[in-house]
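For reference, data-v1.cif is printed below; it contains mmCIF, C-alpha atoms.
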```cif
data_work
#
loop_
_atom_site.group_PDB
_atom_site.id
_atom_site.type_symbol
_atom_site.label_atom_id
_atom_site.label_comp_id
_atom_site.auth_asym_id
_atom_site.auth_seq_id
_atom_site.Cartn_x
_atom_site.Cartn_y
_atom_site.Cartn_z
ATOM 1 C CA MET A 157 99.845 99.977 92.759
ATOM 2 C CA HIS A 158 99.899 98.926 96.384
ATOM 3 C CA LEU A 159 101.236 96.078 98.438
ATOM 4 C CA ASP A 160 98.996 93.288 99.644
ATOM 5 C CA HIS A 161 97.559 95.281 102.512
ATOM 6 C CA HIS A 162 93.953 96.361 102.868
ATOM 7 C CA LEU A 163 94.164 100.140 102.870
ATOM 8 C CA GLU A 164 91.690 100.622 105.676
ATOM 9 C CA SER A 165 93.296 101.379 109.049
ATOM 10 C CA PRO A 166 91.722 101.488 112.503
ATOM 11 C CA ALA A 167 89.664 104.560 113.207
ATOM 12 C CA ALA A 168 91.621 107.410 114.733
ATOM 13 C CA VAL A 169 90.882 108.218 118.355
ATOM 14 C CA SER A 170 91.368 111.698 119.740
ATOM 15 C CA ALA A 171 90.547 113.299 123.067
ATOM 16 C CA ASP A 172 89.349 116.454 121.329
ATOM 17 C CA ALA A 173 87.191 114.933 118.596
ATOM 18 C CA ARG A 174 84.475 117.518 119.167
ATOM 19 C CA ARG A 175 84.458 121.272 118.933
ATOM 20 C CA PRO A 176 83.462 123.477 121.900
ATOM 21 C CA ASP A 177 79.857 123.600 120.659
ATOM 22 C CA GLY A 178 79.675 119.790 120.744
ATOM 23 C CA SER A 179 79.794 119.273 116.975
ATOM 24 C CA ARG A 180 82.254 116.817 115.492
ATOM 25 C CA ARG A 181 85.371 118.545 114.224
ATOM 26 C CA ALA A 182 87.044 117.760 110.919
ATOM 27 C CA LEU A 183 89.291 114.758 110.497
ATOM 28 C CA ARG A 184 92.903 115.973 110.355
ATOM 29 C CA ILE A 185 95.415 114.140 108.182
ATOM 30 C CA GLY A 186 99.075 115.162 108.150
ATOM 31 C CA LEU A 187 101.384 114.711 105.174
ATOM 32 C CA GLY A 188 105.131 114.664 105.822
ATOM 33 C CA GLY A 189 108.267 113.610 104.001
ATOM 34 C CA PRO A 190 111.576 114.824 102.595
ATOM 35 C CA VAL A 191 111.961 117.943 100.451
ATOM 36 C CA GLY A 192 110.858 117.318 96.868
ATOM 37 C CA SER A 193 109.127 114.006 97.533
ATOM 38 C CA GLY A 194 105.810 115.272 96.171
ATOM 39 C CA LYS A 195 103.821 116.229 99.260
ATOM 40 C CA THR A 196 102.297 119.376 97.769
ATOM 41 C CA ALA A 197 101.506 117.637 94.482
ATOM 42 C CA THR A 198 99.777 114.867 96.444
ATOM 43 C CA VAL A 199 97.781 117.424 98.441
ATOM 44 C CA ALA A 200 96.750 119.142 95.202
ATOM 45 C CA ALA A 201 95.686 115.850 93.627
ATOM 46 C CA LEU A 202 93.692 114.885 96.733
ATOM 47 C CA CYS A 203 91.907 118.229 96.715
ATOM 48 C CA ARG A 204 90.905 117.751 93.084
ATOM 49 C CA ALA A 205 89.731 114.194 93.745
ATOM 50 C CA LEU A 206 87.728 114.945 96.899
ATOM 51 C CA ARG A 207 86.495 118.535 96.651
ATOM 52 C CA GLU A 208 83.160 117.617 95.057
ATOM 53 C CA GLU A 209 82.241 115.154 97.802
ATOM 54 C CA LEU A 210 83.881 116.538 100.956
ATOM 55 C CA SER A 211 84.175 119.931 102.605
ATOM 56 C CA LEU A 212 87.922 120.259 103.010
ATOM 57 C CA ALA A 213 90.708 122.749 103.688
ATOM 58 C CA VAL A 214 94.512 122.767 103.732
ATOM 59 C CA VAL A 215 97.200 124.080 106.072
ATOM 60 C CA THR A 216 100.725 124.200 104.621
ATOM 61 C CA ASN A 217 104.001 124.647 106.497
ATOM 62 C CA ASP A 218 107.153 126.327 105.173
ATOM 63 C CA ILE A 219 110.079 127.721 107.119
ATOM 64 C CA TYR A 220 110.158 131.309 105.846
ATOM 65 C CA THR A 221 107.711 131.484 102.934
ATOM 66 C CA ARG A 222 104.179 130.596 101.814
ATOM 67 C CA GLU A 223 105.497 128.759 98.757
ATOM 68 C CA ASP A 224 103.398 125.596 99.070
ATOM 69 C CA ALA A 225 100.192 127.511 99.807
ATOM 70 C CA GLU A 226 100.874 129.800 96.847
ATOM 71 C CA PHE A 227 101.300 126.758 94.587
ATOM 72 C CA LEU A 228 97.926 125.399 95.683
ATOM 73 C CA LEU A 229 96.351 128.816 95.154
ATOM 74 C CA ARG A 230 97.816 129.087 91.644
ATOM 75 C CA GLU A 231 96.498 125.629 90.836
ATOM 76 C CA ALA A 232 93.043 126.659 92.165
ATOM 77 C CA VAL A 233 92.571 123.300 93.856
ATOM 78 C CA LEU A 234 90.277 124.914 96.465
ATOM 79 C CA PRO A 235 88.782 128.367 97.005
ATOM 80 C CA PRO A 236 91.438 130.706 98.474
ATOM 81 C CA GLU A 237 89.734 130.964 101.848
ATOM 82 C CA ARG A 238 90.206 127.209 102.331
ATOM 83 C CA ILE A 239 94.016 127.351 102.053
ATOM 84 C CA THR A 240 96.228 128.848 104.742
ATOM 85 C CA ALA A 241 99.941 128.805 105.527
ATOM 86 C CA VAL A 242 102.098 128.555 108.641
ATOM 87 C CA GLU A 243 105.635 129.947 108.529
ATOM 88 C CA THR A 244 107.476 127.797 111.051
ATOM 89 C CA GLY A 245 110.680 129.873 111.295
ATOM 90 C CA ALA A 246 112.553 126.709 112.285
ATOM 91 C CA CYS A 247 112.872 123.046 111.321
ATOM 92 C CA PRO A 248 109.476 121.893 110.058
ATOM 93 C CA HIS A 249 109.145 119.125 112.643
ATOM 94 C CA THR A 250 109.061 121.782 115.353
ATOM 95 C CA ALA A 251 105.641 123.044 114.257
ATOM 96 C CA ILE A 252 104.075 119.644 113.619
ATOM 97 C CA ARG A 253 105.442 117.736 116.601
ATOM 98 C CA ASP A 254 107.051 119.889 119.309
ATOM 99 C CA ASP A 255 105.098 123.162 119.406
ATOM 100 C CA ILE A 256 101.901 122.607 117.434
ATOM 101 C CA SER A 257 100.151 125.777 118.586
ATOM 102 C CA ALA A 258 100.456 127.670 115.279
ATOM 103 C CA ASN A 259 99.082 124.740 113.304
ATOM 104 C CA LEU A 260 96.280 124.099 115.766
ATOM 105 C CA GLU A 261 95.292 127.751 115.567
ATOM 106 C CA ALA A 262 95.336 127.615 111.755
ATOM 107 C CA VAL A 263 93.141 124.493 111.707
ATOM 108 C CA GLU A 264 90.676 125.913 114.211
ATOM 109 C CA ASP A 265 90.497 129.239 112.368
ATOM 110 C CA LEU A 266 89.622 127.410 109.142
ATOM 111 C CA GLU A 267 86.839 125.516 110.881
ATOM 112 C CA ASP A 268 85.488 128.750 112.368
ATOM 113 C CA GLU A 269 85.674 130.701 109.104
ATOM 114 C CA VAL A 270 84.694 128.198 106.387
ATOM 115 C CA GLY A 271 83.338 125.250 108.377
ATOM 116 C CA PRO A 272 81.814 122.899 109.006
ATOM 117 C CA LEU A 273 84.598 120.849 107.446
ATOM 118 C CA ASP A 274 84.923 117.119 106.863
ATOM 119 C CA LEU A 275 88.690 117.079 106.357
ATOM 120 C CA VAL A 276 91.743 119.259 106.962
ATOM 121 C CA LEU A 277 95.016 118.285 105.279
ATOM 122 C CA VAL A 278 98.082 119.541 107.169
ATOM 123 C CA GLU A 279 101.208 119.488 105.013
ATOM 124 C CA SER A 280 104.572 119.640 106.749
ATOM 125 C CA GLY A 281 107.512 121.477 105.301
ATOM 126 C CA GLY A 282 110.143 119.180 103.798
ATOM 127 C CA ASP A 283 111.958 117.274 106.524
ATOM 128 C CA ASN A 284 113.937 114.074 106.985
ATOM 129 C CA LEU A 285 112.956 110.493 107.760
ATOM 130 C CA THR A 286 112.431 111.269 111.449
ATOM 131 C CA ALA A 287 109.521 113.677 110.878
ATOM 132 C CA THR A 288 106.318 112.695 112.658
ATOM 133 C CA PHE A 289 103.166 114.597 113.583
ATOM 134 C CA SER A 290 101.913 115.071 117.112
ATOM 135 C CA ARG A 291 98.688 113.151 117.672
ATOM 136 C CA GLY A 292 97.457 116.310 119.322
ATOM 137 C CA LEU A 293 97.509 117.892 115.850
ATOM 138 C CA VAL A 294 96.471 115.139 113.412
ATOM 139 C CA ASP A 295 94.428 111.960 113.579
ATOM 140 C CA ALA A 296 96.407 110.117 110.905
ATOM 141 C CA GLN A 297 99.756 110.624 109.205
ATOM 142 C CA VAL A 298 100.797 110.036 105.600
ATOM 143 C CA PHE A 299 104.512 109.904 104.805
ATOM 144 C CA VAL A 300 105.695 110.568 101.242
ATOM 145 C CA ILE A 301 109.011 109.423 99.799
ATOM 146 C CA ASP A 302 110.029 109.250 96.144
ATOM 147 C CA VAL A 303 112.043 106.890 94.010
ATOM 148 C CA ALA A 304 114.621 109.563 93.123
ATOM 149 C CA GLY A 305 115.706 109.623 96.757
ATOM 150 C CA GLY A 306 117.091 106.102 96.315
ATOM 151 C CA ASP A 307 115.530 102.674 96.497
ATOM 152 C CA ASP A 308 117.174 102.075 99.871
ATOM 153 C CA ILE A 309 114.955 104.644 101.629
ATOM 154 C CA PRO A 310 112.299 102.132 102.801
ATOM 155 C CA ARG A 311 115.038 99.852 104.148
ATOM 156 C CA LYS A 312 116.605 102.724 106.099
ATOM 157 C CA GLY A 313 113.276 103.165 107.859
ATOM 158 C CA GLY A 314 112.959 105.927 110.423
ATOM 159 C CA PRO A 315 109.812 106.940 112.301
ATOM 160 C CA GLY A 316 108.116 108.490 109.274
ATOM 161 C CA VAL A 317 108.611 105.468 107.019
ATOM 162 C CA ALA A 318 108.035 102.845 109.700
ATOM 163 C CA THR A 319 105.090 104.226 111.669
ATOM 164 C CA ALA A 320 103.017 106.493 109.397
ATOM 165 C CA ASP A 321 99.453 105.311 108.900
ATOM 166 C CA LEU A 322 100.111 105.305 105.140
ATOM 167 C CA LEU A 323 103.402 105.332 103.234
ATOM 168 C CA ILE A 324 103.443 106.683 99.685
ATOM 169 C CA VAL A 325 106.316 105.769 97.365
ATOM 170 C CA ASN A 326 105.910 108.571 94.840
ATOM 171 C CA LYS A 327 107.125 109.289 91.293
ATOM 172 C CA THR A 328 107.247 105.638 90.278
ATOM 173 C CA ASP A 329 107.338 106.741 86.643
ATOM 174 C CA LEU A 330 110.908 107.958 87.249
ATOM 175 C CA ALA A 331 112.204 104.591 88.463
ATOM 176 C CA PRO A 332 113.713 103.510 85.101
ATOM 177 C CA TYR A 333 115.557 106.821 84.791
ATOM 178 C CA VAL A 334 117.070 106.929 88.283
ATOM 179 C CA GLY A 335 117.874 103.229 88.632
ATOM 180 C CA SER A 336 115.390 102.501 91.425
ATOM 181 C CA ASP A 337 114.027 98.983 91.822
ATOM 182 C CA LEU A 338 110.311 99.271 92.664
ATOM 183 C CA GLY A 339 110.066 95.613 93.633
ATOM 184 C CA ARG A 340 112.885 96.048 96.112
ATOM 185 C CA MET A 341 111.312 99.197 97.540
ATOM 186 C CA ALA A 342 107.973 97.423 97.958
ATOM 187 C CA ALA A 343 109.554 94.418 99.659
ATOM 188 C CA ASP A 344 111.651 96.567 101.989
ATOM 189 C CA ALA A 345 108.629 98.674 102.903
ATOM 190 C CA LYS A 346 106.655 95.539 103.783
ATOM 191 C CA THR A 347 109.498 94.316 105.984
ATOM 192 C CA VAL A 348 109.785 97.626 107.827
ATOM 193 C CA ARG A 349 106.042 98.379 108.115
ATOM 194 C CA GLY A 350 104.436 94.987 108.600
ATOM 195 C CA GLU A 351 100.700 95.317 108.011
ATOM 196 C CA LEU A 352 100.691 99.103 107.631
ATOM 197 C CA PRO A 353 99.672 100.045 104.069
ATOM 198 C CA VAL A 354 101.958 101.238 101.288
ATOM 199 C CA VAL A 355 100.935 102.826 97.981
ATOM 200 C CA LEU A 356 103.249 103.095 94.972
ATOM 201 C CA GLN A 357 102.084 106.198 93.141
ATOM 202 C CA SER A 358 102.691 108.204 89.994
ATOM 203 C CA LEU A 359 100.716 111.410 89.683
ATOM 204 C CA ARG A 360 101.549 111.443 85.980
ATOM 205 C CA SER A 361 98.747 108.978 85.392
ATOM 206 C CA GLU A 362 95.175 110.206 85.192
ATOM 207 C CA ASP A 363 94.012 108.408 88.320
ATOM 208 C CA GLY A 364 97.365 108.394 90.097
ATOM 209 C CA VAL A 365 95.991 109.550 93.435
ATOM 210 C CA ARG A 366 93.003 107.176 93.420
ATOM 211 C CA GLU A 367 94.303 104.684 95.980
ATOM 212 C CA VAL A 368 95.319 107.409 98.407
ATOM 213 C CA ALA A 369 91.960 109.146 97.931
ATOM 214 C CA ASP A 370 90.209 105.846 98.673
ATOM 215 C CA TRP A 371 92.266 105.494 101.861
ATOM 216 C CA VAL A 372 91.194 109.008 102.901
ATOM 217 C CA ARG A 373 87.554 108.126 102.196
ATOM 218 C CA GLU A 374 87.874 105.096 104.475
ATOM 219 C CA ARG A 375 89.305 107.262 107.244
ATOM 220 C CA ILE A 376 86.464 109.739 106.829
ATOM 221 C CA ALA A 377 83.899 106.937 106.990
ATOM 222 C CA ALA A 378 85.441 105.610 110.203
ATOM 223 C CA TRP A 379 85.612 109.114 111.682
ATOM 224 C CA THR A 380 81.952 109.893 111.026
ATOM 225 C CA ALA A 381 80.508 106.419 111.724
#
```
Write out the structure in this file as structure tokens.
Amino acid sequence: MHLDHHLESPAAVSADARRPDGSRRALRIGLGGPVGSGKTATVAALCRALREELSLAVVTNDIYTREDAEFLLREAVLPPERITAVETGACPHTAIRDDISANLEAVEDLEDEVGPLDLVLVESGGDNLTATFSRGLVDAQVFVIDVAGGDDIPRKGGPGVATADLLIVNKTDLAPYVGSDLGRMAADAKTVRGELPVVLQSLRSEDGVREVADWVRERIAAWTA
């Protein structure tokens, strides 16, 4: 379920849209959001939905472990060589916004080793509502929140909620059990985000990631047009 926004966003523009050999590099989409909001589950669902039609890879970020990458490997959402991990050693936003060198190296290594790629998903470690990606690292940002965090999260805003290219309100199936008002969350998100798209998502349903996958397809089409 999504708000009354068309999910297509303007094509991303980047100064380094081509690789050194002149070929177009992969589109890079970052996924951020608080701990436990469902970022890794969303990445896994996107991989399953898109792996037959796109050449894609994933970079995960954790502070001291490879936990998210290991989850994706256990779930076999992509061949192992298409999943890599960055251990940030500090607050996750450091490696996606302040010093992006480790993530850039990971992305470029994937393109060198398993490319050419259409898409690289870069998942941040769990952070707060201020987490944003450097545009030197990703071409578009998805921010994931969940209903269990409280239905006032969209109203509180913050850079992630307010400015991400796509906001996902995840785990909508839990709303009746945690007392979250989905209508209120949707209305608050519209107020904070204006015309930027919002998707209300439950990965418990068979096609729960469909709208987000369609949004990714639109970004890919704009990137390669």
task = Given the file shown, enumerate the residues that the PyMOL selection byres ((chain A and resi 373-378) around 12) captures and present them as a ChimeraX atom specification.
result = /A:162-169,180-185,202,205-207,209-212,273-276,295-298,321-322,366-372,379-381
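Nearest-residue note for Leu356 (chain A): choosing from A:Ser336, A:Ser280, A:Thr244, A:Asn326, the minimum distance belongs to A:Asn326, counting only C-alpha atoms.
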Exactly which residues make up the result of the PyMOL selection byres ((chain A and resi 234) around 8) on this file, given as a PyMOL selection string?
chain A and resi 203-204+207+213+228-229+232-233+235-236+238-239
Given the file above and the PyMOL selection byres ((chain A and resi 359-363) around 8), which residues are selected, and can you give them as JSON, numbers by chain?
-> {"A": [197, 198, 201, 326, 327, 329, 357, 358, 364, 365, 366]}
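CA of Asp255 (chain A) lies 28.3 Å from CA of Pro353 (chain A).
From CA of Val191 (chain A) back to CA of Gly335 (chain A), the distance works out to 19.8 Å.
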For this session: Do a neighbour search on Glu261 (chain A) at 12 Å with all atoms listed in the file, toss out local chain neighbours closer than 6 positions, and write the hits as a PyMOL selection string.
Result: chain A and resi 215+240-242+251+255+267-269+293
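Distance-wise, CA of Thr319 (chain A) and CA of Val278 (chain A) end up 17.4 Å apart.
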field: Residue nearest Asp302 (chain A) - candidates A:Gly245, A:Asp265, A:Ile256, A:Gly194, atoms counted: all atoms listed in the file
entry: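 Looking only at the distances to Asp302 (chain A), the closest residue turns out to be A:Gly194.
Distances to Pro176 (chain A) were evaluated for A:Val199, A:Glu264, A:Glu351, A:Ala318 using all atoms listed in the file, and the minimum falls at A:Glu264.
Minimum atom-to-atom distance to Glu237 (chain A), evaluated using only C-alpha atoms, belongs to A:Gly271 out of A:Val303, A:Ile219, A:Glu208, A:Gly271.
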- Item | Neighbour list for Ala345 (chain A) as number ranges by chain, cut-off 12 Å, all atoms listed in the file, skip fewer than 3 positions in-chain | A: 158-161, 301, 307-314, 316-320, 322-325, 338-342, 348-356
Open item on the list: Could you list, as a PyMOL selection string, every residue within 12 Å of His249 (chain A), counting all atoms listed in the file and ignoring same-chain residues fewer than 3 positions away?
Closed with: chain A and resi 186-190+217-219+244-246+252-256+259+279-290+316
With distances taken over all atoms listed in the file, the candidate from A:Ala331, A:Val300, A:Leu260, A:Val270 nearest Asp172 (chain A) is A:Leu260
Exercise for the section: Rank nothing, just name the residue among A:Pro248, A:Arg175, A:Phe227, A:Tyr333 nearest to Val263 (chain A), using only C-alpha atoms. Expected result: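 That would be A:Arg175, the residue with the smallest distance to Val263 (chain A).
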